[in-house]
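With mmCIF, C-alpha atoms inside, this is upload.cif:
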data_coords
#
loop_
_atom_site.label_atom_id
_atom_site.label_comp_id
_atom_site.auth_asym_id
_atom_site.auth_seq_id
_atom_site.Cartn_x
_atom_site.Cartn_y
_atom_site.Cartn_z
CA MET A 26 0.00 0.00 0.00
CA ARG A 27 1.21 3.47 -0.93
CA VAL A 28 -0.64 6.50 0.49
CA LEU A 29 -0.32 10.03 -0.88
CA HIS A 30 -1.70 12.85 1.29
CA VAL A 31 -2.53 16.12 -0.49
CA ALA A 32 -3.19 19.46 1.23
CA GLU A 33 -3.65 22.99 -0.06
CA SER A 34 -3.01 24.30 3.47
CA ALA A 35 -1.26 22.60 6.39
CA GLN A 36 -1.91 25.16 9.10
CA GLY A 37 -4.15 24.73 12.12
CA GLY A 38 -6.19 21.55 12.46
CA VAL A 39 -5.06 20.02 9.15
CA GLY A 40 -1.42 20.38 10.16
CA THR A 41 -2.09 18.76 13.54
CA TYR A 42 -4.03 15.96 11.83
CA LEU A 43 -1.16 15.24 9.44
CA ALA A 44 1.39 15.38 12.24
CA GLU A 45 -0.54 12.61 14.00
CA MET A 46 -1.03 10.49 10.86
CA LEU A 47 2.20 10.64 8.89
CA PRO A 48 4.67 9.22 11.48
CA TYR A 49 2.25 6.41 12.36
CA GLN A 50 1.64 5.49 8.72
CA ALA A 51 5.37 5.65 7.96
CA ARG A 52 6.02 3.15 10.78
CA ARG A 53 3.11 0.93 9.75
CA LEU A 54 3.56 0.96 5.97
CA GLY A 55 7.21 1.95 5.58
CA ILE A 56 8.76 5.36 5.03
CA ASP A 57 8.85 4.87 1.25
CA HIS A 58 5.13 4.07 1.14
CA VAL A 59 3.81 7.32 2.64
CA ARG A 60 4.07 10.74 1.05
CA ALA A 61 2.55 14.17 1.78
CA LEU A 62 2.28 16.89 -0.85
CA LEU A 63 2.23 20.12 1.16
CA PRO A 64 2.66 23.84 0.45
CA ASP A 65 6.24 24.95 1.04
CA ARG A 66 5.14 27.70 3.42
CA HIS A 67 3.37 25.25 5.71
CA ALA A 68 5.54 22.12 5.63
CA ALA A 69 7.37 23.21 8.79
CA HIS A 70 4.05 23.39 10.67
CA VAL A 71 3.74 19.60 10.44
CA SER A 72 6.07 18.73 13.29
CA GLY A 73 7.66 15.37 14.02
CA VAL A 74 7.47 14.16 10.41
CA ASP A 75 10.39 12.62 8.54
CA ARG A 76 11.22 15.07 5.75
CA ARG A 77 11.62 12.11 3.38
CA SER A 78 7.83 11.77 3.55
CA VAL A 79 7.21 15.35 2.39
CA GLU A 80 7.13 16.84 -1.09
CA SER A 81 6.39 20.56 -1.26
CA TRP A 82 4.86 22.81 -3.86
CA ARG A 83 5.26 26.57 -4.12
CA ARG A 84 2.23 28.32 -2.66
CA ARG A 85 1.91 32.06 -3.11
CA GLY A 86 -1.41 33.00 -1.60
CA ARG A 87 -4.79 31.42 -2.23
CA SER A 88 -5.67 31.93 -5.89
CA LEU A 89 -6.43 30.10 -9.11
CA LEU A 90 -2.72 30.25 -9.91
CA ALA A 91 -1.93 28.53 -6.61
CA LEU A 92 -4.45 25.78 -7.36
CA LEU A 93 -2.96 25.37 -10.84
CA THR A 94 0.49 25.02 -9.27
CA LEU A 95 -0.84 22.39 -6.88
CA GLY A 96 -2.53 20.56 -9.76
CA ILE A 97 0.74 20.35 -11.71
CA ALA A 98 2.61 19.17 -8.61
CA LEU A 99 -0.12 16.58 -7.92
CA VAL A 100 0.01 15.06 -11.41
CA ARG A 101 3.81 14.91 -11.25
CA GLU A 102 3.80 13.27 -7.82
CA VAL A 103 1.15 10.71 -8.77
CA ARG A 104 3.25 9.61 -11.75
CA ARG A 105 6.38 9.40 -9.62
CA PHE A 106 4.97 7.91 -6.39
CA ARG A 107 2.22 5.69 -7.88
CA PRO A 108 -0.13 5.64 -4.87
CA THR A 109 -2.68 3.02 -3.92
CA VAL A 110 -4.70 5.66 -2.05
CA ILE A 111 -4.82 9.44 -2.42
CA HIS A 112 -6.06 11.11 0.77
CA ALA A 113 -7.07 14.73 0.08
CA HIS A 114 -7.46 17.15 3.00
CA SER A 115 -9.94 20.08 3.09
CA SER A 116 -12.14 21.49 0.37
CA PHE A 117 -9.63 22.98 -2.11
CA ALA A 118 -7.35 19.94 -2.29
CA GLY A 119 -10.38 17.67 -2.21
CA ALA A 120 -11.99 19.44 -5.16
CA LEU A 121 -8.76 19.45 -7.16
CA VAL A 122 -8.00 15.76 -6.66
CA ARG A 123 -11.55 14.74 -7.56
CA LEU A 124 -11.76 16.98 -10.62
CA ILE A 125 -8.47 15.68 -12.01
CA TYR A 126 -8.89 11.99 -11.20
CA GLY A 127 -12.40 11.26 -9.92
CA TRP A 128 -14.02 10.79 -13.33
CA ARG A 129 -11.26 8.52 -14.76
CA ARG A 130 -10.35 4.85 -14.38
CA VAL A 131 -7.26 5.13 -12.23
CA PRO A 132 -5.14 2.59 -10.32
CA PHE A 133 -5.83 4.07 -6.91
CA ARG A 134 -8.65 5.00 -4.57
CA ILE A 135 -9.56 8.54 -3.57
CA VAL A 136 -10.33 9.47 0.04
CA TYR A 137 -11.48 12.98 0.92
CA CYS A 138 -11.64 14.58 4.38
CA PRO A 139 -13.33 18.02 4.48
CA HIS A 140 -12.11 18.81 8.03
CA GLY A 141 -15.34 20.74 8.53
CA TRP A 142 -17.75 21.40 5.68
CA GLY A 143 -17.48 24.81 4.03
CA PHE A 144 -21.28 25.08 4.06
CA ASP A 145 -21.34 24.62 7.85
CA ARG A 146 -19.53 27.92 8.42
CA LYS A 147 -21.33 31.15 9.17
CA SER A 148 -21.58 33.07 5.92
CA ALA A 149 -24.19 34.39 3.48
CA GLY A 150 -27.01 31.94 2.81
CA TRP A 151 -26.39 31.86 -0.94
CA LYS A 152 -22.73 31.02 -0.35
CA ARG A 153 -23.54 28.10 1.96
CA TRP A 154 -26.11 26.84 -0.57
CA LEU A 155 -23.59 27.02 -3.40
CA VAL A 156 -20.83 25.25 -1.44
CA ALA A 157 -23.28 22.50 -0.42
CA ARG A 158 -24.28 21.95 -4.06
CA VAL A 159 -20.63 21.72 -5.12
CA GLU A 160 -19.81 19.24 -2.34
CA ARG A 161 -22.82 17.11 -3.26
CA ALA A 162 -21.82 17.10 -6.93
CA LEU A 163 -18.21 16.16 -6.15
CA SER A 164 -19.13 13.48 -3.60
CA GLY A 165 -19.61 10.95 -6.37
CA LEU A 166 -16.04 11.48 -7.62
CA CYS A 167 -14.30 9.83 -4.68
CA ASP A 168 -14.42 6.40 -3.09
CA ARG A 169 -14.93 7.54 0.49
CA ILE A 170 -15.42 10.72 2.49
CA VAL A 171 -13.89 10.65 5.98
CA VAL A 172 -15.87 12.80 8.42
CA ILE A 173 -14.26 13.69 11.74
CA SER A 174 -17.40 14.06 13.88
CA ASP A 175 -20.96 12.80 13.88
CA HIS A 176 -22.05 16.41 13.47
CA GLU A 177 -20.12 16.53 10.20
CA ARG A 178 -21.73 13.26 9.08
CA ARG A 179 -25.24 14.58 9.79
CA GLN A 180 -24.49 17.85 8.01
CA GLY A 181 -23.32 15.89 4.98
CA ILE A 182 -26.52 13.88 4.89
CA GLY A 183 -28.51 17.11 5.19
CA ALA A 184 -26.67 18.48 2.15
CA GLY A 185 -27.68 15.46 0.08
CA ILE A 186 -24.44 13.46 0.29
CA ALA A 187 -25.11 9.71 0.38
CA GLU A 188 -24.55 8.31 3.86
CA GLN A 189 -22.83 5.18 2.50
CA ARG A 190 -20.10 7.35 0.97
CA MET A 191 -19.08 8.66 4.39
CA THR A 192 -17.04 6.95 7.09
CA LEU A 193 -16.86 8.43 10.59
CA VAL A 194 -13.33 8.48 12.03
CA LEU A 195 -13.23 10.67 15.11
CA ASN A 196 -10.15 12.85 15.40
CA GLY A 197 -7.48 11.75 17.82
CA ILE A 198 -4.15 12.98 19.19
CA ALA A 199 -1.20 11.09 20.63
CA ASP A 200 -0.89 10.72 24.36
CA ILE A 201 2.19 12.34 25.84
CA ALA A 202 3.90 12.38 29.21
CA PRO A 203 2.34 14.94 31.55
CA ALA A 204 3.75 18.35 30.74
CA ARG A 205 5.56 20.34 33.38
CA PRO A 206 3.21 23.26 34.12
CA ALA A 207 4.19 26.67 32.86
CA ARG A 208 4.87 29.34 35.47
CA TRP A 209 1.49 30.87 36.29
CA ASP A 210 1.45 31.99 39.91
CA ASP A 211 -1.98 33.41 40.60
CA PRO A 212 -4.54 32.58 43.33
CA ARG A 213 -7.46 33.31 40.95
CA ILE A 214 -9.09 30.74 38.66
CA LYS A 215 -6.73 30.40 35.68
CA VAL A 216 -8.52 30.45 32.30
CA LEU A 217 -6.75 29.60 29.03
CA PHE A 218 -7.79 30.31 25.42
CA VAL A 219 -5.92 28.69 22.51
CA GLY A 220 -6.63 29.55 18.88
CA ARG A 221 -6.95 32.21 16.23
CA LEU A 222 -8.20 35.53 17.56
CA ASP A 223 -11.01 35.82 15.06
CA HIS A 224 -14.77 35.70 14.61
CA GLN A 225 -15.03 31.93 14.20
CA LYS A 226 -13.19 31.18 17.43
CA GLY A 227 -15.37 33.61 19.41
CA PHE A 228 -12.49 35.56 20.89
CA ASP A 229 -14.68 38.65 21.15
CA THR A 230 -17.17 36.63 23.21
CA LEU A 231 -14.40 35.80 25.67
CA LEU A 232 -13.43 39.48 25.88
CA ASP A 233 -17.03 40.52 26.51
CA ALA A 234 -17.31 37.88 29.23
CA VAL A 235 -14.08 38.77 31.02
CA GLU A 236 -14.03 42.56 30.95
CA PRO A 237 -17.00 43.18 33.32
CA LEU A 238 -15.53 40.83 35.92
CA GLY A 239 -12.94 43.37 36.97
CA GLY A 240 -9.95 41.05 37.19
CA ARG A 241 -11.66 38.27 39.17
CA LEU A 242 -10.17 35.69 36.78
CA SER A 243 -6.63 35.19 35.50
CA VAL A 244 -6.82 34.80 31.71
CA ARG A 245 -4.11 33.84 29.23
CA VAL A 246 -4.45 33.74 25.46
CA ILE A 247 -2.32 31.72 23.04
CA GLY A 248 -2.75 32.76 19.40
CA GLU A 249 -2.82 35.71 17.06
CA ALA A 250 -5.30 37.35 14.73
CA ILE A 251 -5.45 35.88 11.21
CA VAL A 252 -8.87 37.07 10.06
CA GLY A 253 -10.20 40.43 11.20
CA ARG A 254 -9.21 42.45 14.25
CA SER A 255 -8.16 40.58 17.37
CA GLY A 256 -9.37 43.04 19.97
CA THR A 257 -6.26 42.49 22.07
CA ARG A 258 -5.87 46.24 22.70
CA ARG A 259 -9.34 46.32 24.19
CA ALA A 260 -8.38 43.42 26.47
CA ALA A 261 -4.93 44.63 27.42
CA GLY A 262 -5.89 45.30 31.03
CA SER A 263 -7.75 42.03 31.67
CA ILE A 264 -5.83 39.26 29.89
CA GLU A 265 -2.27 38.19 29.15
CA THR A 266 -1.57 37.48 25.47
CA LEU A 267 1.28 35.10 24.63
CA GLY A 268 1.12 34.90 20.82
CA TRP A 269 1.63 31.57 19.09
CA ARG A 270 3.44 28.84 21.03
CA SER A 271 4.88 25.43 20.15
CA LEU A 272 2.83 22.30 20.88
CA ALA A 273 5.04 21.58 23.90
CA GLU A 274 4.51 25.11 25.23
CA VAL A 275 0.75 24.84 24.69
CA ALA A 276 0.73 21.60 26.69
CA ALA A 277 2.67 23.35 29.48
CA GLU A 278 0.15 26.21 29.60
CA ILE A 279 -2.75 23.73 29.64
CA ALA A 280 -1.11 21.93 32.58
CA ALA A 281 -0.90 25.24 34.47
CA ALA A 282 -4.51 26.27 33.78
CA ASP A 283 -7.66 25.34 35.69
CA VAL A 284 -9.96 25.44 32.67
CA VAL A 285 -9.68 25.86 28.88
CA VAL A 286 -12.31 27.99 27.14
CA ILE A 287 -13.45 27.42 23.52
CA PRO A 288 -16.20 29.96 22.73
CA SER A 289 -16.32 29.16 18.98
CA ARG A 290 -19.20 30.08 16.70
CA TRP A 291 -18.64 26.98 14.55
CA GLU A 292 -16.30 24.00 14.64
CA GLY A 293 -16.07 20.85 12.54
CA PHE A 294 -14.43 19.14 15.50
CA GLY A 295 -12.38 21.14 18.02
CA LEU A 296 -8.88 19.72 18.57
CA VAL A 297 -8.08 22.14 21.40
CA ALA A 298 -10.79 20.45 23.47
CA ILE A 299 -9.12 17.05 23.34
CA GLU A 300 -5.69 18.62 23.88
CA ALA A 301 -7.10 20.05 27.13
CA MET A 302 -8.70 16.73 28.10
CA ARG A 303 -5.46 14.88 27.35
CA GLY A 304 -3.80 17.27 29.81
CA GLY A 305 -6.44 16.59 32.46
CA ARG A 306 -8.14 19.97 32.23
CA ALA A 307 -11.82 20.86 32.12
CA VAL A 308 -13.26 22.53 29.02
CA VAL A 309 -15.90 25.24 28.67
CA ALA A 310 -17.07 25.12 25.05
CA SER A 311 -19.82 26.39 22.80
CA THR A 312 -22.70 24.11 21.86
CA VAL A 313 -21.60 23.94 18.22
CA GLY A 314 -20.34 21.28 15.81
CA GLY A 315 -18.16 18.49 17.12
CA LEU A 316 -17.62 20.23 20.48
CA ARG A 317 -20.99 18.88 21.60
CA GLU A 318 -19.66 15.35 21.07
CA ILE A 319 -16.38 15.95 22.89
CA VAL A 320 -17.43 17.77 26.07
CA VAL A 321 -19.93 16.13 28.44
CA ASP A 322 -21.75 18.98 30.16
CA GLY A 323 -21.31 18.85 33.92
CA GLU A 324 -18.91 15.88 33.73
CA THR A 325 -15.83 16.90 31.70
CA GLY A 326 -16.64 20.62 31.53
CA ARG A 327 -19.50 22.90 30.63
CA LEU A 328 -21.33 23.71 27.40
CA VAL A 329 -22.53 27.26 26.75
CA SER A 330 -24.48 28.67 23.81
CA PRO A 331 -22.30 30.75 21.44
CA ASP A 332 -22.53 34.55 21.48
CA MET A 333 -23.60 34.58 25.13
CA PRO A 334 -20.81 36.32 27.09
CA GLU A 335 -22.99 36.81 30.16
CA ARG A 336 -23.60 33.06 30.41
CA LEU A 337 -19.93 32.32 29.82
CA ALA A 338 -18.96 34.77 32.57
CA HIS A 339 -21.48 33.20 34.95
CA VAL A 340 -20.11 29.67 34.36
CA LEU A 341 -16.49 30.76 34.81
CA GLN A 342 -17.35 32.39 38.16
CA GLN A 343 -19.75 29.71 39.37
CA VAL A 344 -17.37 26.73 39.40
CA GLY A 345 -14.53 26.43 41.90
CA ARG A 346 -11.00 25.13 41.33
CA ASP A 347 -11.63 21.72 42.94
CA GLU A 348 -14.66 21.11 40.72
CA TRP A 349 -12.78 22.19 37.60
CA HIS A 350 -9.99 19.76 38.45
CA ALA A 351 -12.46 16.91 39.05
CA MET A 352 -13.95 17.58 35.61
CA GLY A 353 -10.42 17.60 34.20
CA ARG A 354 -9.78 14.12 35.56
CA ALA A 355 -13.02 12.90 33.98
CA GLY A 356 -11.96 14.55 30.72
CA ARG A 357 -8.64 12.71 30.80
CA ALA A 358 -10.50 9.38 31.12
CA ARG A 359 -12.80 10.30 28.23
CA TYR A 360 -9.81 11.22 26.06
CA LEU A 361 -8.19 7.83 26.69
CA ALA A 362 -11.44 6.02 25.86
CA ARG A 363 -12.36 7.89 22.66
CA PHE A 364 -9.82 10.33 21.27
CA THR A 365 -6.37 8.74 21.04
CA ALA A 366 -4.31 8.91 17.86
CA ASP A 367 -3.74 5.14 17.89
CA ARG A 368 -7.48 4.51 17.58
CA MET A 369 -7.85 7.10 14.80
CA ASN A 370 -4.85 5.81 12.86
CA ASP A 371 -5.91 2.17 13.14
CA GLU A 372 -9.33 3.04 11.73
CA LEU A 373 -7.80 4.95 8.81
CA ILE A 374 -5.45 2.09 7.92
CA GLN A 375 -8.39 -0.32 8.02
CA LEU A 376 -10.27 1.97 5.63
CA TYR A 377 -7.31 2.18 3.24
CA GLU A 378 -6.93 -1.60 3.27
CA ALA A 379 -10.62 -2.16 2.61
CA LEU A 380 -10.59 0.25 -0.32
CA GLY A 381 -7.27 -1.03 -1.66
CA SER A 382 -8.41 -4.65 -1.62
CA ASP A 383 -11.23 -3.69 -3.95
CA ILE A 384 -8.93 -2.40 -6.71
CA PRO A 385 -9.09 -4.78 -9.70
CA ALA A 386 -5.98 -6.92 -10.16
CA LEU A 387 -5.17 -5.20 -13.44
CA TYR A 388 -5.01 -1.82 -11.73
CA ARG A 389 -2.95 -3.14 -8.83
CA THR A 390 -0.44 -4.33 -11.42
CA VAL A 391 -0.42 -0.89 -13.06
CA ALA A 392 0.05 0.79 -9.66
CA ARG A 393 3.09 -1.38 -8.90
CA GLY A 394 4.53 -0.51 -12.30
#
Could you write out this file's structure as structure tokens?
Amino acid sequence: MRVLHVAESAQGGVGTYLAEMLPYQARRLGIDHVRALLPDRHAAHVSGVDRRSVESWRRRGRSLLALLTLGIALVREVRRFRPTVIHAHSSFAGALVRLIYGWRRVPFRIVYCPHGWGFDRKSAGWKRWLVARVERALSGLCDRIVVISDHERRQGIGAGIAEQRMTLVLNGIADIAPARPARWDDPRIKVLFVGRLDHQKGFDTLLDAVEPLGGRLSVRVIGEAIVGRSGTRRAAGSIETLGWRSLAEVAAEIAAADVVVIPSRWEGFGLVAIEAMRGGRAVVASTVGGLREIVVDGETGRLVSPDMPERLAHVLQQVGRDEWHAMGRAGRARYLARFTADRMNDELIQLYEALGSDIPALYRTVARG
């Protein structure tokens, strides 16, 4: 089996996903049997991956020219690598792979993972309708769609995508030794936010919740603005902003916190939630997307409706440190039971093998060259 991963962007959740998959698949299948075609600007974001597994293409912004460049690199790499399975990540790479190869008789199978449907994001109604129609039309040009949460599966069905074309593989992350807590000496409840400081992640909701409390909480923020204004100037007196941090540093900050807050307006899954649970910390999250499947309200954290800063503020003040820590221990147990990388990777390999075994003998011969 030879697996080629293709991504138009490897930042954020996609980069974390690949960082969990590629080393495992290289060990399981052999380093020469796993390849990732990634933009040159983002390859470094995929940490812990043997560079022999990575081929890069020159990405200069997000444009038709960039997609054309990726298309040329894809065709070249398919001819050179001769995959058994192409696994495309997110909508742009998924569309490109399916448009180039999905309508032809080819010696490989195509797997597509949207990492959160484009039509499930908050945007103009006509735009969501159009994206849903495109996804439905393209769904027949791949062999399987991997969805990362049951919410994503249900949204796909609602958009008219055949249920039998989708396979649910919950996201997972590798377990690590307990991180040494970062220095955070403060007697107040310590609240941590990790993510982009933008509209989707609900950073403004956190600011609106914290500001009226007059310093009754200690709040740290890891991340920077990518889309829109961050509002960090407005929050300068009430929170401590740390910018982006490495995965090890994020784990250290999680270990020092009492609770991790995820006030997102939409999420396909919500990797930060399971990072917090892996670290034994409670999570306060919005009742959106996959977050509703990760956090058990009152057991591993609390769920709050999005765009409700008053409710978020109430929850953060209502619960004491001992209760947050008890929820964190329950979250750690839930992580081990449902969200490990080993479980996710085993399920993906099983899917590849099932699809690969269905390739006609003639095409297997062509794939081997």
Run the PyMOL selection byres ((chain A and resi 105) around 12) on the file and write out the hits as a PyMOL selection string.
-> chain A and resi 27+29+60+80+98-104+106-108+392-394
Computed gap from atom CA of Asp200 of chain A to atom CA of Asp347 of chain A is 24.1 Å
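Pairwise distance (atom CA of Met352 of chain A, atom CA of Arg179 of chain A) equals 28.3 Å.
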Enumerate, as a ChimeraX atom specification, the residues matched when the PyMOL selection byres ((chain A and resi 353-369) around 6) is run on the file above.
-> /A:197-199,302-303,305-307,325,350-352,370-372
Kindly indicate which residue among A:Arg129, A:Arg87, A:Arg327, A:Arg134 lies nearest to Met26 of chain A, using all atoms listed in the file for the distances.
-> A:Arg134
Do you know which residues the PyMOL selection byres ((chain A and resi 76) around 12) returns on this file, as a list in words?
-> Ala44, Leu47, Pro48, Ala51, Ile56, Asp57, Val59, Arg60, Ala61, Leu62, Leu63, Ala68, Ala69, Val71, Ser72, Gly73, Val74, Asp75, Arg77, Ser78, Val79, Glu80 and Ser81 of chain A
Between atom CA of Thr192 of chain A and atom CA of Arg317 of chain A - distance in Å to one decimal |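 Between atom CA of Arg317 of chain A and atom CA of Thr192 of chain A the gap is 19.2 Å.
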Name all residues at most 7 Å from His140 of chain A (count only C-alpha atoms; drop same-chain ones fewer than 2 positions away) and give them as a list in words.
->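 With the cut-off at 7 Å, the set is Ser115, Cys138, Trp142, Ile173 and Gly293 of chain A.
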Would you mind listing what lies within 12 Å of Leu380 of chain A as a compact mmCIF listing (two decimals) with C-alpha atoms, in the frame of the given file, with all atoms listed in the file counted and same-chain residues fewer than 6 positions away left out?
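What follows is the written file result15.txt:
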# COMPACT_ATOMS: atom_id res chain seq x y z
CA MET A 26 0.00 0.00 0.00
CA VAL A 28 -0.64 6.50 0.49
CA THR A 109 -2.68 3.02 -3.92
CA VAL A 110 -4.70 5.66 -2.05
CA ILE A 111 -4.82 9.44 -2.42
CA HIS A 112 -6.06 11.11 0.77
CA PRO A 132 -5.14 2.59 -10.32
CA PHE A 133 -5.83 4.07 -6.91
CA ARG A 134 -8.65 5.00 -4.57
CA ILE A 135 -9.56 8.54 -3.57
CA VAL A 136 -10.33 9.47 0.04
CA CYS A 167 -14.30 9.83 -4.68
CA ASP A 168 -14.42 6.40 -3.09
CA ARG A 169 -14.93 7.54 0.49
CA ILE A 170 -15.42 10.72 2.49
CA ARG A 190 -20.10 7.35 0.97
CA THR A 192 -17.04 6.95 7.09
CA LEU A 373 -7.80 4.95 8.81
CA ILE A 374 -5.45 2.09 7.92
CA ARG A 389 -2.95 -3.14 -8.83
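Minimum atom-to-atom distance to Asp233 of chain A, evaluated using only C-alpha atoms, belongs to A:Asp332 out of A:His67, A:Ala113, A:Ile186, A:Asp332.
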Identify the residues around (-14.2, 20.4, -3.5) within a radius of 7 Å, measuring from all atoms listed in the file in the coordinates stated by the file, and give them as a PyMOL selection string.
-> chain A and resi 116-121+159-160+163
Missing atoms of segment 59-67 of chain A rebuilt to all heavy atoms, written as a CSV table (one decimal), in the coordinates of the input:
chain,number,residue,atom,x,y,z
A,59,VAL,N,4.7,6.2,2.2
A,59,VAL,CA,3.8,7.3,2.6
A,59,VAL,C,4.4,8.6,2.2
A,59,VAL,O,5.6,8.9,2.3
A,59,VAL,CB,3.7,7.3,4.2
A,59,VAL,CG1,2.8,8.5,4.6
A,59,VAL,CG2,3.1,6.0,4.7
A,60,ARG,N,3.6,9.5,1.6
A,60,ARG,CA,4.1,10.7,1.0
A,60,ARG,C,3.0,11.8,1.3
A,60,ARG,O,1.8,11.5,1.3
A,60,ARG,CB,4.3,10.6,-0.5
A,60,ARG,CG,5.0,11.8,-1.1
A,60,ARG,CD,6.5,11.9,-0.7
A,60,ARG,NE,7.2,10.6,-0.8
A,60,ARG,CZ,7.7,10.1,-2.0
A,60,ARG,NH1,7.6,10.8,-3.1
A,60,ARG,NH2,8.3,9.0,-2.0
A,61,ALA,N,3.5,13.0,1.6
A,61,ALA,CA,2.6,14.2,1.8
A,61,ALA,C,3.0,15.3,0.8
A,61,ALA,O,4.1,15.7,0.9
A,61,ALA,CB,2.6,14.6,3.2
A,62,LEU,N,2.0,15.8,0.0
A,62,LEU,CA,2.3,16.9,-0.8
A,62,LEU,C,1.7,18.1,-0.2
A,62,LEU,O,0.5,18.3,-0.1
A,62,LEU,CB,1.6,16.6,-2.2
A,62,LEU,CG,1.8,17.7,-3.3
A,62,LEU,CD1,3.3,17.8,-3.6
A,62,LEU,CD2,1.0,17.3,-4.5
A,63,LEU,N,2.6,19.0,0.3
A,63,LEU,CA,2.2,20.1,1.2
A,63,LEU,C,2.8,21.4,0.6
A,63,LEU,O,3.8,21.4,-0.1
A,63,LEU,CB,2.8,19.9,2.6
A,63,LEU,CG,2.5,18.6,3.3
A,63,LEU,CD1,3.1,18.6,4.7
A,63,LEU,CD2,0.9,18.5,3.4
A,64,PRO,N,2.1,22.6,0.9
A,64,PRO,CA,2.7,23.8,0.4
A,64,PRO,C,4.0,24.1,1.2
A,64,PRO,O,4.1,23.8,2.4
A,64,PRO,CB,1.6,24.8,0.8
A,64,PRO,CG,0.7,24.1,1.9
A,64,PRO,CD,0.8,22.7,1.5
A,65,ASP,N,4.9,24.7,0.4
A,65,ASP,CA,6.2,25.0,1.0
A,65,ASP,C,6.2,25.8,2.3
A,65,ASP,O,7.0,25.7,3.2
A,65,ASP,CB,7.2,25.5,0.0
A,65,ASP,CG,6.7,26.8,-0.7
A,65,ASP,OD1,5.5,27.2,-0.4
A,65,ASP,OD2,7.4,27.4,-1.5
A,66,ARG,N,5.2,26.8,2.3
A,66,ARG,CA,5.1,27.7,3.4
A,66,ARG,C,4.7,27.0,4.7
A,66,ARG,O,4.9,27.6,5.8
A,66,ARG,CB,4.2,28.8,3.1
A,66,ARG,CG,4.7,29.8,2.1
A,66,ARG,CD,3.7,31.0,1.9
A,66,ARG,NE,4.3,32.0,1.1
A,66,ARG,CZ,3.7,33.2,0.8
A,66,ARG,NH1,2.5,33.4,1.4
A,66,ARG,NH2,4.2,34.1,0.1
A,67,HIS,N,4.0,25.9,4.6
A,67,HIS,CA,3.4,25.2,5.7
A,67,HIS,C,4.0,23.9,6.1
A,67,HIS,O,3.7,23.4,7.2
A,67,HIS,CB,1.9,25.0,5.4
A,67,HIS,CG,1.1,26.2,5.1
A,67,HIS,ND1,-0.2,26.1,4.5
A,67,HIS,CD2,1.4,27.5,5.2
A,67,HIS,CE1,-0.6,27.3,4.3
A,67,HIS,NE2,0.3,28.2,4.7
